[in-house]
Structure formats: C-alpha cells, structure tokens
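Next comes final.csv, with CSV, C-alpha atoms.
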```csv
chain,number,residue,atom,x,y,z
A,131,MET,CA,-11.8,-31.4,-29.8
A,132,GLY,CA,-12.6,-35.1,-30.2
A,133,THR,CA,-12.2,-37.4,-27.2
A,134,GLU,CA,-12.3,-40.7,-29.0
A,135,ILE,CA,-9.5,-42.3,-31.0
A,136,LEU,CA,-11.0,-43.0,-34.4
A,137,PRO,CA,-9.5,-44.5,-37.6
A,138,ASP,CA,-9.1,-42.3,-40.7
A,139,ASP,CA,-12.2,-42.0,-42.9
A,140,ARG,CA,-12.8,-45.0,-45.1
A,141,ALA,CA,-12.5,-43.2,-48.4
A,142,LEU,CA,-9.3,-41.5,-47.2
A,143,ARG,CA,-7.5,-44.7,-46.1
A,144,HIS,CA,-8.6,-46.8,-49.0
A,145,GLY,CA,-7.6,-44.2,-51.5
A,146,ARG,CA,-4.1,-44.1,-50.0
A,147,ARG,CA,-3.9,-47.9,-49.7
A,148,ASP,CA,-4.8,-48.3,-53.4
A,149,ARG,CA,-2.0,-45.9,-54.4
A,150,ALA,CA,0.4,-47.8,-52.2
A,151,LEU,CA,-0.6,-51.1,-53.8
A,152,ALA,CA,-0.3,-49.6,-57.3
A,153,GLN,CA,3.3,-48.6,-56.5
A,154,MET,CA,4.1,-52.0,-55.1
A,155,GLN,CA,3.0,-53.4,-58.4
A,156,ALA,CA,5.1,-50.8,-60.3
A,157,HIS,CA,8.1,-51.5,-58.2
A,158,ASP,CA,7.5,-55.3,-58.2
A,159,LEU,CA,7.2,-55.6,-54.4
A,160,ASP,CA,5.4,-58.6,-53.0
A,161,VAL,CA,5.5,-57.3,-49.4
A,162,LEU,CA,6.2,-53.9,-47.9
A,163,VAL,CA,7.4,-53.7,-44.3
A,164,LEU,CA,7.0,-50.2,-43.0
A,165,GLY,CA,8.7,-48.6,-39.9
A,166,ARG,CA,8.2,-44.9,-40.4
A,167,GLN,CA,5.1,-43.7,-38.7
A,168,ALA,CA,3.7,-41.6,-41.6
A,169,ASN,CA,4.1,-44.6,-44.0
A,170,ALA,CA,2.4,-46.9,-41.5
A,171,ARG,CA,-0.6,-44.6,-41.1
A,172,TYR,CA,-0.8,-44.0,-44.8
A,173,VAL,CA,-1.5,-47.7,-45.5
A,174,ALA,CA,-3.3,-48.7,-42.3
A,175,GLY,CA,-5.4,-45.6,-41.6
A,176,ALA,CA,-4.9,-46.1,-37.8
A,177,PRO,CA,-3.6,-43.1,-35.7
A,178,GLN,CA,-0.1,-43.7,-34.4
A,179,LEU,CA,1.3,-42.5,-31.1
A,180,TRP,CA,3.0,-39.2,-31.8
A,181,VAL,CA,6.4,-38.5,-30.2
A,182,ALA,CA,9.0,-35.8,-30.6
A,183,GLY,CA,12.1,-37.1,-32.2
A,184,THR,CA,13.1,-40.2,-34.2
A,185,ARG,CA,12.4,-43.8,-33.6
A,186,PRO,CA,14.5,-46.9,-34.5
A,187,PHE,CA,13.2,-49.1,-37.3
A,188,GLY,CA,10.7,-51.7,-36.4
A,189,PRO,CA,8.0,-53.5,-38.5
A,190,VAL,CA,5.1,-51.2,-37.6
A,191,ALA,CA,2.9,-52.1,-40.6
A,192,THR,CA,3.2,-54.9,-43.2
A,193,ILE,CA,1.1,-54.9,-46.4
A,194,VAL,CA,0.9,-57.9,-48.8
A,195,ARG,CA,0.4,-57.0,-52.5
A,196,GLU,CA,-1.5,-60.2,-53.5
A,197,THR,CA,-4.2,-59.8,-50.8
A,198,GLY,CA,-4.1,-56.1,-50.1
A,199,GLU,CA,-4.2,-57.0,-46.4
A,200,VAL,CA,-2.4,-54.9,-43.7
A,201,HIS,CA,-0.9,-56.4,-40.6
A,202,LEU,CA,-0.3,-53.8,-37.9
A,203,LEU,CA,1.8,-53.5,-34.7
A,204,SER,CA,-0.7,-52.5,-32.0
A,205,THR,CA,-1.5,-53.5,-28.4
A,206,TRP,CA,-5.1,-52.3,-28.5
A,207,ASP,CA,-8.1,-52.2,-30.9
A,208,GLU,CA,-9.0,-48.6,-30.3
A,209,GLY,CA,-8.7,-46.6,-33.5
A,210,ILE,CA,-8.1,-49.7,-35.6
A,211,PRO,CA,-10.2,-49.6,-38.8
A,212,ASP,CA,-12.6,-52.5,-39.3
A,213,ASP,CA,-10.8,-53.7,-42.4
A,214,ILE,CA,-7.8,-54.7,-40.2
A,215,PRO,CA,-9.2,-57.6,-38.1
A,216,HIS,CA,-8.0,-58.4,-34.6
A,217,ASP,CA,-5.9,-61.4,-35.8
A,218,HIS,CA,-4.0,-59.0,-38.1
A,219,LEU,CA,-2.6,-57.1,-35.1
A,220,TYR,CA,0.6,-58.1,-33.3
A,221,GLY,CA,1.9,-56.7,-30.0
A,222,LEU,CA,5.2,-55.4,-28.8
A,223,ALA,CA,7.8,-58.0,-28.0
A,224,TRP,CA,11.0,-57.6,-26.0
A,225,ASN,CA,12.6,-60.4,-28.1
A,226,PRO,CA,12.5,-59.4,-31.8
A,227,VAL,CA,12.7,-63.0,-32.8
A,228,ASN,CA,9.1,-63.4,-31.5
A,229,THR,CA,8.1,-60.5,-33.9
A,230,MET,CA,9.7,-62.4,-36.8
A,231,ALA,CA,7.7,-65.5,-35.9
A,232,VAL,CA,4.5,-63.4,-36.2
A,233,LEU,CA,5.6,-61.9,-39.6
A,234,ARG,CA,6.6,-65.4,-40.8
A,235,ASP,CA,3.0,-66.6,-40.3
A,236,ILE,CA,1.5,-63.8,-42.5
A,237,PRO,CA,0.0,-65.4,-45.6
A,238,GLY,CA,2.4,-64.8,-48.5
A,239,ALA,CA,5.5,-64.3,-46.3
A,240,ALA,CA,7.0,-67.7,-47.0
A,241,THR,CA,6.8,-67.2,-50.8
A,242,ALA,CA,7.6,-63.5,-51.2
A,243,ALA,CA,10.3,-62.9,-53.7
A,244,ARG,CA,10.8,-59.2,-53.2
A,245,VAL,CA,10.3,-57.4,-49.9
A,246,GLY,CA,10.7,-53.7,-49.5
A,247,THR,CA,11.4,-51.7,-46.4
A,248,ASP,CA,11.2,-47.9,-45.9
A,249,CYS,CA,14.3,-48.0,-43.7
A,250,LEU,CA,16.3,-50.6,-42.0
A,251,SER,CA,18.7,-51.2,-39.1
A,252,PRO,CA,21.6,-53.7,-39.0
A,253,THR,CA,19.7,-55.9,-36.5
A,254,PHE,CA,16.5,-56.2,-38.6
A,255,ALA,CA,18.6,-56.7,-41.7
A,256,GLN,CA,19.7,-59.9,-40.1
A,257,LEU,CA,16.3,-60.8,-38.6
A,258,LEU,CA,13.9,-60.2,-41.5
A,259,PRO,CA,15.2,-63.1,-43.6
A,260,MET,CA,13.8,-65.3,-40.8
A,261,ALA,CA,10.3,-64.1,-41.7
A,262,PHE,CA,10.7,-63.9,-45.5
A,263,PRO,CA,13.1,-66.8,-46.2
A,264,LYS,CA,12.9,-66.6,-50.1
A,265,ALA,CA,13.0,-62.8,-50.4
A,266,GLU,CA,15.4,-60.3,-51.8
A,267,PHE,CA,15.2,-57.1,-49.7
A,268,VAL,CA,15.1,-53.8,-51.5
A,269,ASP,CA,14.4,-50.1,-50.9
A,270,GLY,CA,10.7,-49.7,-50.5
A,271,GLU,CA,10.8,-46.0,-49.6
A,272,GLN,CA,10.8,-45.1,-53.3
A,273,ALA,CA,7.4,-46.8,-53.7
A,274,MET,CA,6.0,-45.0,-50.7
A,275,ARG,CA,7.3,-41.6,-51.9
A,276,ALA,CA,5.8,-42.2,-55.3
A,277,ALA,CA,2.4,-43.0,-53.7
A,278,ARG,CA,2.5,-40.1,-51.2
A,279,ARG,CA,3.6,-37.4,-53.6
A,280,ILE,CA,0.2,-37.2,-55.3
A,281,LYS,CA,-2.8,-36.4,-52.9
A,282,THR,CA,-6.2,-37.9,-53.3
A,283,GLU,CA,-9.3,-35.6,-53.0
A,284,PRO,CA,-10.0,-36.8,-49.4
A,285,GLU,CA,-6.4,-36.0,-48.5
A,286,VAL,CA,-6.7,-32.5,-49.8
A,287,ALA,CA,-9.9,-32.1,-47.7
A,288,VAL,CA,-8.0,-33.1,-44.6
A,289,LEU,CA,-5.1,-30.7,-45.4
A,290,ARG,CA,-7.6,-27.9,-45.8
A,291,GLY,CA,-8.9,-28.6,-42.3
A,292,ALA,CA,-5.4,-28.6,-40.8
A,293,LEU,CA,-4.7,-25.3,-42.6
A,294,ARG,CA,-7.8,-23.6,-41.2
A,295,VAL,CA,-6.6,-24.5,-37.7
A,296,ALA,CA,-3.1,-23.2,-38.4
A,297,GLU,CA,-4.6,-19.9,-39.7
A,298,ALA,CA,-6.6,-19.5,-36.5
A,299,GLY,CA,-3.4,-19.7,-34.6
A,300,LEU,CA,-1.8,-17.2,-36.9
A,301,ALA,CA,-4.7,-14.8,-36.5
A,302,ALA,CA,-4.6,-15.1,-32.7
A,303,ALA,CA,-0.9,-14.4,-32.4
A,304,THR,CA,-1.2,-11.4,-34.8
A,305,ALA,CA,-4.0,-9.9,-32.7
A,306,GLU,CA,-1.8,-10.1,-29.6
A,307,LEU,CA,1.3,-8.6,-31.3
A,308,ALA,CA,2.5,-5.4,-29.6
A,309,PRO,CA,5.7,-3.8,-28.3
A,310,GLY,CA,6.8,-5.5,-25.1
A,311,ARG,CA,5.4,-8.9,-25.9
A,312,THR,CA,7.9,-11.7,-26.0
A,313,GLU,CA,8.3,-14.3,-28.7
A,314,GLN,CA,7.6,-17.1,-26.2
A,315,ALA,CA,4.3,-15.4,-25.0
A,316,LEU,CA,3.1,-15.0,-28.6
A,317,THR,CA,4.0,-18.6,-29.4
A,318,GLY,CA,1.9,-19.6,-26.4
A,319,VAL,CA,-1.1,-17.6,-27.8
A,320,LEU,CA,-0.7,-19.3,-31.1
A,321,LEU,CA,-0.5,-22.8,-29.7
A,322,GLU,CA,-3.5,-22.2,-27.4
A,323,ALA,CA,-5.6,-21.0,-30.3
A,324,MET,CA,-4.7,-24.1,-32.4
A,325,ALA,CA,-5.5,-26.4,-29.5
A,326,ALA,CA,-8.9,-24.6,-29.1
A,327,GLY,CA,-9.4,-25.3,-32.8
A,328,GLY,CA,-9.2,-29.1,-32.1
A,329,ILE,CA,-5.5,-29.9,-32.8
A,330,SER,CA,-3.1,-30.0,-29.8
A,331,THR,CA,-0.1,-31.3,-31.8
A,332,PRO,CA,1.9,-28.4,-33.3
A,333,ALA,CA,4.2,-29.1,-36.3
A,334,GLN,CA,6.8,-26.9,-34.7
A,335,GLN,CA,7.1,-24.9,-31.5
A,336,ASP,CA,9.5,-22.2,-32.6
A,337,SER,CA,6.7,-20.3,-34.3
A,338,VAL,CA,7.3,-16.5,-33.6
A,339,TRP,CA,10.6,-14.6,-34.1
A,340,VAL,CA,11.6,-11.0,-34.5
A,341,THR,CA,13.6,-10.7,-37.8
A,342,SER,CA,17.0,-9.1,-37.6
A,343,ARG,CA,17.7,-5.7,-39.2
A,344,GLU,CA,21.5,-6.5,-39.2
A,345,HIS,CA,21.6,-10.1,-40.5
A,346,PRO,CA,19.5,-11.8,-43.2
A,347,TRP,CA,18.8,-15.0,-41.2
A,348,ARG,CA,19.3,-14.4,-37.5
A,349,ARG,CA,16.9,-13.4,-34.8
A,350,ALA,CA,16.9,-9.7,-33.8
A,351,ASP,CA,18.5,-10.2,-30.4
A,352,ALA,CA,18.9,-12.5,-27.5
A,353,GLU,CA,16.1,-10.8,-25.5
A,354,ARG,CA,13.4,-12.0,-28.0
A,355,THR,CA,11.1,-9.1,-27.2
A,356,VAL,CA,9.0,-7.2,-29.7
A,357,ARG,CA,9.8,-3.5,-30.2
A,358,ALA,CA,8.3,-0.7,-32.2
A,359,GLY,CA,9.3,-0.9,-35.9
A,360,ASP,CA,10.1,-4.7,-35.8
A,361,LEU,CA,9.1,-7.1,-38.5
A,362,VAL,CA,7.8,-10.2,-36.7
A,363,ALA,CA,7.6,-13.5,-38.5
A,364,ILE,CA,4.8,-16.0,-37.5
A,365,SER,CA,4.9,-19.6,-38.7
A,366,ALA,CA,1.8,-21.6,-37.7
A,367,GLY,CA,1.9,-25.4,-38.2
A,368,VAL,CA,-0.3,-28.2,-37.0
A,369,LEU,CA,-0.3,-32.0,-37.3
A,370,GLY,CA,-4.0,-32.7,-37.8
A,371,ASP,CA,-5.3,-36.2,-38.6
A,372,GLY,CA,-1.8,-37.1,-39.6
A,373,TYR,CA,-1.4,-34.2,-42.0
A,374,ILE,CA,0.8,-31.1,-41.6
A,375,GLY,CA,-0.8,-27.8,-42.4
A,376,GLU,CA,1.4,-24.7,-42.4
A,377,VAL,CA,1.0,-21.0,-43.0
A,378,GLY,CA,3.5,-18.2,-42.4
A,379,ARG,CA,3.2,-14.4,-42.5
A,380,THR,CA,5.2,-11.4,-41.3
A,381,VAL,CA,3.6,-8.5,-39.3
A,382,ALA,CA,5.0,-5.0,-39.2
A,383,VAL,CA,4.9,-3.4,-35.8
A,384,PRO,CA,4.1,0.4,-36.1
A,385,GLY,CA,6.9,2.8,-35.4
A,386,GLY,CA,9.4,2.0,-38.1
A,387,ASP,CA,10.3,3.5,-41.5
A,388,GLU,CA,6.9,3.0,-43.2
A,389,ALA,CA,8.2,3.7,-46.7
A,390,ALA,CA,11.0,1.2,-46.4
A,391,VAL,CA,8.7,-1.5,-44.9
A,392,ALA,CA,6.2,-0.9,-47.7
A,393,ALA,CA,8.9,-1.4,-50.3
A,394,LEU,CA,10.0,-4.6,-48.7
A,395,TYR,CA,6.5,-5.9,-48.7
A,396,ARG,CA,6.2,-5.1,-52.4
A,397,ARG,CA,9.3,-7.1,-53.0
A,398,SER,CA,7.8,-10.0,-51.1
A,399,SER,CA,4.7,-9.8,-53.1
A,400,VAL,CA,6.7,-10.1,-56.3
A,401,VAL,CA,8.5,-13.2,-55.1
A,402,ARG,CA,5.2,-14.8,-53.9
A,403,GLU,CA,3.5,-14.1,-57.2
A,404,ARG,CA,6.4,-15.6,-59.2
A,405,LEU,CA,6.4,-18.7,-56.9
A,406,LEU,CA,2.7,-19.2,-57.6
A,407,ALA,CA,3.2,-18.7,-61.3
A,408,ALA,CA,6.0,-21.3,-61.4
A,409,SER,CA,3.8,-23.9,-59.5
A,410,ARG,CA,2.2,-25.5,-62.6
A,411,ALA,CA,1.9,-29.0,-63.8
A,412,GLY,CA,4.7,-30.2,-66.0
A,413,ALA,CA,7.1,-27.4,-64.9
A,414,PRO,CA,10.5,-28.3,-63.4
A,415,SER,CA,10.9,-27.7,-59.7
A,416,SER,CA,13.9,-25.6,-60.6
A,417,GLY,CA,11.4,-23.0,-61.8
A,418,LEU,CA,10.7,-22.2,-58.1
A,419,LEU,CA,14.3,-21.4,-57.6
A,420,ALA,CA,14.3,-19.3,-60.7
A,421,ALA,CA,11.3,-17.3,-59.3
A,422,TYR,CA,13.7,-15.7,-56.9
A,423,GLU,CA,16.2,-14.9,-59.6
A,424,GLY,CA,13.4,-13.4,-61.7
A,425,ALA,CA,12.4,-11.2,-58.9
A,426,GLY,CA,16.0,-10.1,-58.3
A,427,GLU,CA,16.2,-11.6,-54.9
A,428,PRO,CA,18.8,-13.9,-53.4
A,429,LEU,CA,17.8,-17.5,-52.6
A,430,PRO,CA,17.1,-18.2,-48.9
A,431,PRO,CA,18.9,-20.9,-47.1
A,432,MET,CA,15.7,-22.8,-46.3
A,433,PRO,CA,13.8,-24.9,-48.9
A,434,VAL,CA,11.9,-22.7,-51.3
A,435,ALA,CA,9.2,-25.5,-51.5
A,436,ARG,CA,8.5,-28.9,-50.1
A,437,GLY,CA,5.7,-31.3,-50.2
A,438,LEU,CA,3.0,-31.2,-47.6
A,439,GLY,CA,1.2,-34.4,-46.4
A,440,MET,CA,1.7,-37.0,-43.8
A,441,GLY,CA,5.0,-35.5,-42.6
A,442,PHE,CA,7.1,-33.9,-45.3
A,443,ASP,CA,6.5,-35.4,-48.7
A,444,PRO,CA,8.6,-35.0,-51.9
A,445,PRO,CA,9.7,-32.8,-53.5
A,446,VAL,CA,12.1,-30.8,-51.5
A,447,VAL,CA,13.2,-27.8,-53.6
A,448,SER,CA,16.3,-26.2,-52.1
A,449,PRO,CA,19.2,-24.0,-53.2
A,450,GLN,CA,21.5,-26.8,-51.9
A,451,LEU,CA,19.9,-29.4,-54.3
A,452,PRO,CA,19.9,-27.7,-57.7
A,453,ALA,CA,20.3,-30.9,-59.7
A,454,THR,CA,17.4,-32.6,-57.9
A,455,ALA,CA,15.2,-29.5,-58.6
A,456,ALA,CA,16.1,-29.5,-62.3
A,457,ALA,CA,15.2,-33.2,-62.6
A,458,GLU,CA,12.0,-33.0,-60.7
A,459,ARG,CA,8.7,-32.2,-62.4
A,460,LEU,CA,5.6,-30.9,-60.7
A,461,GLU,CA,2.5,-33.0,-61.1
A,462,PRO,CA,-1.2,-32.5,-60.6
A,463,GLY,CA,-2.2,-33.5,-57.1
A,464,MET,CA,1.0,-32.4,-55.4
A,465,VAL,CA,0.5,-30.1,-52.4
A,466,LEU,CA,3.5,-27.8,-51.8
A,467,ALA,CA,4.5,-25.4,-49.0
A,468,LEU,CA,6.0,-22.4,-50.8
A,469,THR,CA,8.3,-20.1,-48.8
A,470,GLY,CA,9.0,-16.5,-49.7
A,471,TYR,CA,11.8,-14.6,-47.9
A,472,VAL,CA,13.2,-11.1,-48.6
A,473,TRP,CA,15.4,-9.0,-46.4
A,474,GLU,CA,16.6,-5.4,-46.3
A,475,SER,CA,19.4,-4.1,-44.1
A,476,GLY,CA,18.1,-1.8,-41.4
A,477,VAL,CA,14.5,-3.0,-42.0
A,478,GLY,CA,14.3,-6.7,-41.4
A,479,ALA,CA,12.8,-9.6,-43.3
A,480,VAL,CA,9.4,-10.5,-44.7
A,481,PHE,CA,8.6,-14.2,-44.6
A,482,THR,CA,5.6,-15.9,-46.1
A,483,ARG,CA,4.6,-19.6,-46.4
A,484,ASP,CA,1.6,-20.8,-48.4
A,485,ALA,CA,0.1,-24.2,-49.2
A,486,VAL,CA,-0.8,-24.7,-52.9
A,487,LEU,CA,-2.4,-27.6,-54.8
A,488,ILE,CA,-0.9,-28.2,-58.2
A,489,THR,CA,-3.7,-28.7,-60.8
A,490,ASP,CA,-3.9,-28.9,-64.6
A,491,ASP,CA,-4.9,-25.3,-64.6
A,492,GLY,CA,-2.2,-24.0,-62.3
A,493,ALA,CA,-1.7,-23.5,-58.6
A,494,GLU,CA,-4.7,-23.5,-56.3
A,495,LEU,CA,-4.0,-21.5,-53.2
A,496,LEU,CA,-5.1,-23.5,-50.1
A,497,THR,CA,-4.1,-20.9,-47.5
A,498,GLY,CA,-6.5,-18.0,-47.0
A,499,ALA,CA,-4.6,-15.8,-44.5
A,500,PRO,CA,-4.1,-12.3,-45.8
```
Rewritten as structure tokens:
Amino acid sequence: MGTEILPDDRALRHGRRDRALAQMQAHDLDVLVLGRQANARYVAGAPQLWVAGTRPFGPVATIVRETGEVHLLSTWDEGIPDDIPHDHLYGLAWNPVNTMAVLRDIPGAATAARVGTDCLSPTFAQLLPMAFPKAEFVDGEQAMRAARRIKTEPEVAVLRGALRVAEAGLAAATAELAPGRTEQALTGVLLEAMAAGGISTPAQQDSVWVTSREHPWRRADAERTVRAGDLVAISAGVLGDGYIGEVGRTVAVPGGDEAAVAALYRRSSVVRERLLAASRAGAPSSGLLAAYEGAGEPLPPMPVARGLGMGFDPPVVSPQLPATAAAERLEPGMVLALTGYVWESGVGAVFTRDAVLITDDGAELLTGAP
C-alpha cells in the first residue's frame, strides 16, 4: 500500500480533462463549477478526502473552457498535480463571501456568459452571481455525465486494477466460508484481504449475506450465520484511485439439495450469458432488461446494470426506469456492472456481478473470478 498522496497519472487526468472540455464546448459552458467529489477529481486529478455520506454543495473545482485551467479548493499542496500551480489553489473559508472573492478573480470569471454547476444549494445560488456577474447559470451535470460515461484507456486500466483487488477479497471470503461462520466475520475477512491488496476504502461494507429460501430478496434470518446447504452471496467492491471496482458471486455451502442448486446455477448462467450478449455497442439499454425476460426470469428489484467509474456513472438500467432504458444506447467505451439474480423457493438465490467494457466487437469481460 502506498504511503504518499500522489496525483493521478498524467495521461489519466489529461484524458479526462480533455473530455470535460469537449463537453463544455458542446454544451456551450464558459466555466464549470463542480461540487461533487467525483467530478472534481475527474477534472483536477487530485485525490479528494473520502467520507461516508453526502456533502453540501461547495465550489471544490472550477475549470475555465478558454484556458483549460483548473482552480481547486485545497489547503495543502500534497497530491496536487504540477499543472495546477499553487496560485490556483484556494483554501476553506468560514465566510462564503470570501470564497466568492477568490472565484471572482479567476481569469475569465468576469466575462463568462454561461456557467454550469453539477449541483447547487439555495445559498450558493445567491452567492455565485457575485463571482460571475454576467453569467447565466445552467445545469452542468449533463456535461459531466456525457464526459464520464465513456472511459479512456488509462481509466480502463485503473478499473482493472481495482477489480483485481476486489477479486482478491472475494477469493479470501470464499476460502473462509463454512457452516458456523457469521456474515460479519466473512465481511471482515473480505475487507482485510482488500486492504492487504493496497486499497483500504471499500465501496460497501454489507458484502456477505445468506440468501433466503423463503423470500426472493430478504436475508435468510436475523442470526446471519452460515448453515449447511445455504447459498451465500458475496459482493466485493473497492474504491481504488477514485474508481469503483465490483465483483459478485454466490457460493453454495455443501449439505443442500445438490440437484436443485445445480439447476439454479444453470438458470443463473443463462441470465449471465444473455446479459453479456445484450451488452453491445448501439444496442438499447432495455435489451439488458429483456435478457431476463428471454431467460424466463423475473426482473430483480436492483438495477440490472449501471455504469462503473468514479462513483456510479450513467447509465442506470433498472426495472423502475423502463422509458430511460429504452431511450439509452450503449456506446463503445462504457464500463458496466451487470447484475444477475435468480431465486428458487426452498433453495435460495444465486447472485452475480460482473464488470464489462463495451467495445465495437461486443462486451469484454473485465472480471476474472470464476
């Protein structure tokens, strides 16, 4: 595990910044003021402090289209890339009016006609005109979503690294799985293995659960202890170098109805194969929902697919959003987390999650876990 705070690789951050600037051009944005941590890191390439939970909006990063320069909220130089000089950093201020004074002095702020923000609060809706007096304020999140939905080659490389660490956690938890072990203990094994792999920030902490034999979506029981014949779902996810890598598998504990379990796994394989076949460039996202129908399986309540990247990127393909799925088209360069889920009364559920890269030739499977 690294001990120094370093900026993202030069090719990685410049590839992302070029995509963001191209979308600013396409959306006619002179300035983009970003408050979401993933968006700020996307354009700046500087690691941000990770916290569990949400944050109120604040101008964390500001990028000017004409110059391509990034101005960043930071109280230190450590981890700041060399293309963001010290005079482009501004510190925390108790009085937000002082922050507006800093933004007002950014070259291009006084003449900007259209300023986008990725979110906004009532307070900053009143304050930002002080920094950009001639600007119309518009939704800048659409530009960032368009930029982030397609991954550059360096981004895919970082995602592969995060996935390898997640798979190591998955393998460790699988090796320790046995009757009498608790979900909490197995989750601890998984998190320990991922930390040993160099990433101490999990994407989630509820990573192991015994699937219910009586209900399609609930846990097996309140005791959360593994028993003979259980089907145990393991979802390993890490936040590595700003990118989320996830992989999910279900392990059958010996002692159950082997024929019924094998039949359920075959059904799961059919769903997984159909999801992979539907993940092709130009296809509608609704094809991923149709994969379940084609396999004769009911749709799960969770998203069938969602974009992986710095946080959760578009698209989100969910049974609750059929119109969105029908309108969305898959494009080369998208990375998706595909979720398979089948259940049988008296047996349990088989859950899978795979990361795939959409290419012109079809889906490239990024996860290697069996």
**OP:** Identify the residues within 12 Å of coordinate (-7.0, -57.0, -39.9) (same frame as the file), considering only C-alpha atoms, and give the answer as a PyMOL selection string.
**Re:** chain A and resi 174-176+191-194+197-204+207+210-220+236
Any chance you could tabulate, as a tab-separated table, the residues of segment 359-418 of chain A at most 10 Å from segment 276-296 of chain A with each one's nearest atom pair and distance in Å to one decimal, using all atoms listed in the file, in chain and rising number order?
```
residue	atom	partner	partner_atom	distance
A:Ser365	CA	A:Ala296	CA	8.8
A:Ala366	CA	A:Ala296	CA	5.2
A:Gly367	CA	A:Ala296	CA	5.5
A:Val368	CA	A:Ala296	CA	5.9
A:Leu369	CA	A:Ala292	CA	7.1
A:Gly370	CA	A:Ala292	CA	5.3
A:Asp371	CA	A:Val288	CA	7.3
A:Gly372	CA	A:Val288	CA	8.9
A:Tyr373	CA	A:Leu289	CA	6.1
A:Ile374	CA	A:Ala292	CA	6.7
A:Gly375	CA	A:Leu293	CA	4.6
A:Glu376	CA	A:Leu293	CA	6.1
A:Val377	CA	A:Ala296	CA	6.5
A:Gly378	CA	A:Ala296	CA	9.2
```
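Of the residues under consideration (A:Ala499, A:Val232, A:Cys249, A:Met154), A:Met154 shows the shortest atom-to-atom contact distance to Arg195 of chain A when counting all atoms listed in the file.
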Subject >> Option closest in space to Arg185 of chain A, from A:Arg459, A:Arg483, A:Arg402, A:Arg166 [counting all atoms listed in the file] >> reply: A:Arg166
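Closest approach to Gln272 of chain A among A:Ala156, A:Ala435, A:Leu250, A:Ala242: A:Ala156, based on all atoms listed in the file.
Picture a line from atom CA of Ala240 of chain A to atom CA of Val227 of chain A; it runs 16.0 Å.
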Subject >> From A:Pro384, A:Pro259, A:Pro177, A:Gly209, residue lying nearest Ala239 of chain A [only C-alpha atoms] >> reply: A:Pro259
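A straight line drawn from atom CA of Val245 of chain A to atom CA of Leu159 of chain A is 5.8 Å long.
Atom CA of Ala467 of chain A sits 18.7 Å away from atom CA of Ala479 of chain A.
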Subject >> For Gln178 of chain A: contacts at 9 Å, all atoms listed in the file, fewer than 6 positions along chain excluded, given as a PyMOL selection string >> reply: chain A and resi 167-168+170-171+372
Subject >> Spatial neighbours of Asp443 of chain A, 8 Å, all atoms listed in the file, chain gap at least 4 places, as a VMD selection string >> reply: chain A and resid 275 278 to 279 436 to 439
C-alpha atoms of the current selection, written as an mmCIF file, keeping the file's coordinate frame:
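Okay, part-v6.cif is ready:
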```
data_model
loop_
_atom_site.group_PDB
_atom_site.id
_atom_site.type_symbol
_atom_site.label_atom_id
_atom_site.label_comp_id
_atom_site.auth_asym_id
_atom_site.auth_seq_id
_atom_site.Cartn_x
_atom_site.Cartn_y
_atom_site.Cartn_z
ATOM 1 C CA ARG A 275 7.300 -41.600 -51.900
ATOM 2 C CA ARG A 278 2.500 -40.100 -51.200
ATOM 3 C CA ARG A 279 3.600 -37.400 -53.600
ATOM 4 C CA ARG A 436 8.500 -28.900 -50.100
ATOM 5 C CA GLY A 437 5.700 -31.300 -50.200
ATOM 6 C CA LEU A 438 3.000 -31.200 -47.600
ATOM 7 C CA GLY A 439 1.200 -34.400 -46.400
#
```
Subject >> Exercise: residues within 10 Å of coordinate (3.3, -27.4, -29.9), counting all atoms listed in the file, as a PyMOL selection string >> reply: chain A and resi 317-318+320-322+324-325+329-337+366-369
**OP:** Show which residues sit within 7 Å of Ile364 of chain A, as a ChimeraX atom specification. Count all atoms listed in the file, and ignore same-chain residues fewer than 5 positions away.
**Re:** /A:300,337-339,378-380
Can you write out the residues you just picked, keeping C-alpha atoms, as a compact mmCIF listing (two decimals), keeping the file's coordinate frame?
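Saved result, part-v4.txt, follows:
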```txt
# COMPACT_ATOMS: atom_id res chain seq x y z
CA LEU A 300 -1.80 -17.20 -36.90
CA SER A 337 6.70 -20.30 -34.30
CA VAL A 338 7.30 -16.50 -33.60
CA TRP A 339 10.60 -14.60 -34.10
CA GLY A 378 3.50 -18.20 -42.40
CA ARG A 379 3.20 -14.40 -42.50
CA THR A 380 5.20 -11.40 -41.30
```
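Comparing A:Gly299, A:Val401, A:Gly470, A:Thr482 by their smallest distance to Ala363 of chain A, the closest is A:Thr482 (using only C-alpha atoms).
Shortest atom-to-atom contact with Ala390 of chain A among A:Leu136, A:Val163, A:Ala305, A:Val477: A:Val477, counting only C-alpha atoms.
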Original post:
If we count all atoms listed in the file, what is near Val447 of chain A at a cut-off of 12 Å, once residues fewer than 4 positions away on the same chain are taken out, given as an MDAnalysis selection string?
Top reply: chainID A and resid 405 409 414:420 429:437 442:443 451:460 466:469
Subject >> Residue neighbourhood Arg410 of chain A, 12 Å, all atoms listed in the file, exclusion window fewer than 2 positions, as a ChimeraX atom specification >> reply: /A:404-408,412-418,459-466,486-495
Could I see segment 169-180 of chain A restored to N, CA and C atoms, set down as a compact mmCIF listing (two decimals), in the frame of the given file?
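The new file part_30.txt reads:
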```txt
# COMPACT_ATOMS: atom_id res chain seq x y z
N ASN A 169 4.34 -43.52 -42.98
CA ASN A 169 4.10 -44.60 -44.00
C ASN A 169 3.10 -45.61 -43.40
N ALA A 170 3.28 -45.96 -42.13
CA ALA A 170 2.40 -46.90 -41.50
C ALA A 170 0.96 -46.43 -41.47
N ARG A 171 0.78 -45.19 -41.09
CA ARG A 171 -0.60 -44.60 -41.10
C ARG A 171 -1.15 -44.50 -42.46
N TYR A 172 -0.30 -44.19 -43.42
CA TYR A 172 -0.80 -44.00 -44.80
C TYR A 172 -1.45 -45.29 -45.30
N VAL A 173 -0.88 -46.46 -45.03
CA VAL A 173 -1.50 -47.70 -45.50
C VAL A 173 -2.52 -48.27 -44.60
N ALA A 174 -2.38 -48.02 -43.28
CA ALA A 174 -3.30 -48.70 -42.30
C ALA A 174 -4.48 -47.79 -41.98
N GLY A 175 -4.30 -46.48 -41.93
CA GLY A 175 -5.40 -45.60 -41.60
C GLY A 175 -5.67 -45.57 -40.07
N ALA A 176 -4.73 -46.06 -39.26
CA ALA A 176 -4.90 -46.10 -37.80
C ALA A 176 -3.96 -45.02 -37.21
N PRO A 177 -4.47 -44.14 -36.34
CA PRO A 177 -3.60 -43.10 -35.70
C PRO A 177 -2.48 -43.80 -34.95
N GLN A 178 -1.30 -43.21 -35.06
CA GLN A 178 -0.10 -43.70 -34.40
C GLN A 178 0.24 -42.79 -33.24
N LEU A 179 0.88 -43.33 -32.22
CA LEU A 179 1.30 -42.50 -31.10
C LEU A 179 2.37 -41.51 -31.59
N TRP A 180 2.11 -40.21 -31.36
CA TRP A 180 3.00 -39.20 -31.80
C TRP A 180 4.08 -38.93 -30.70
```
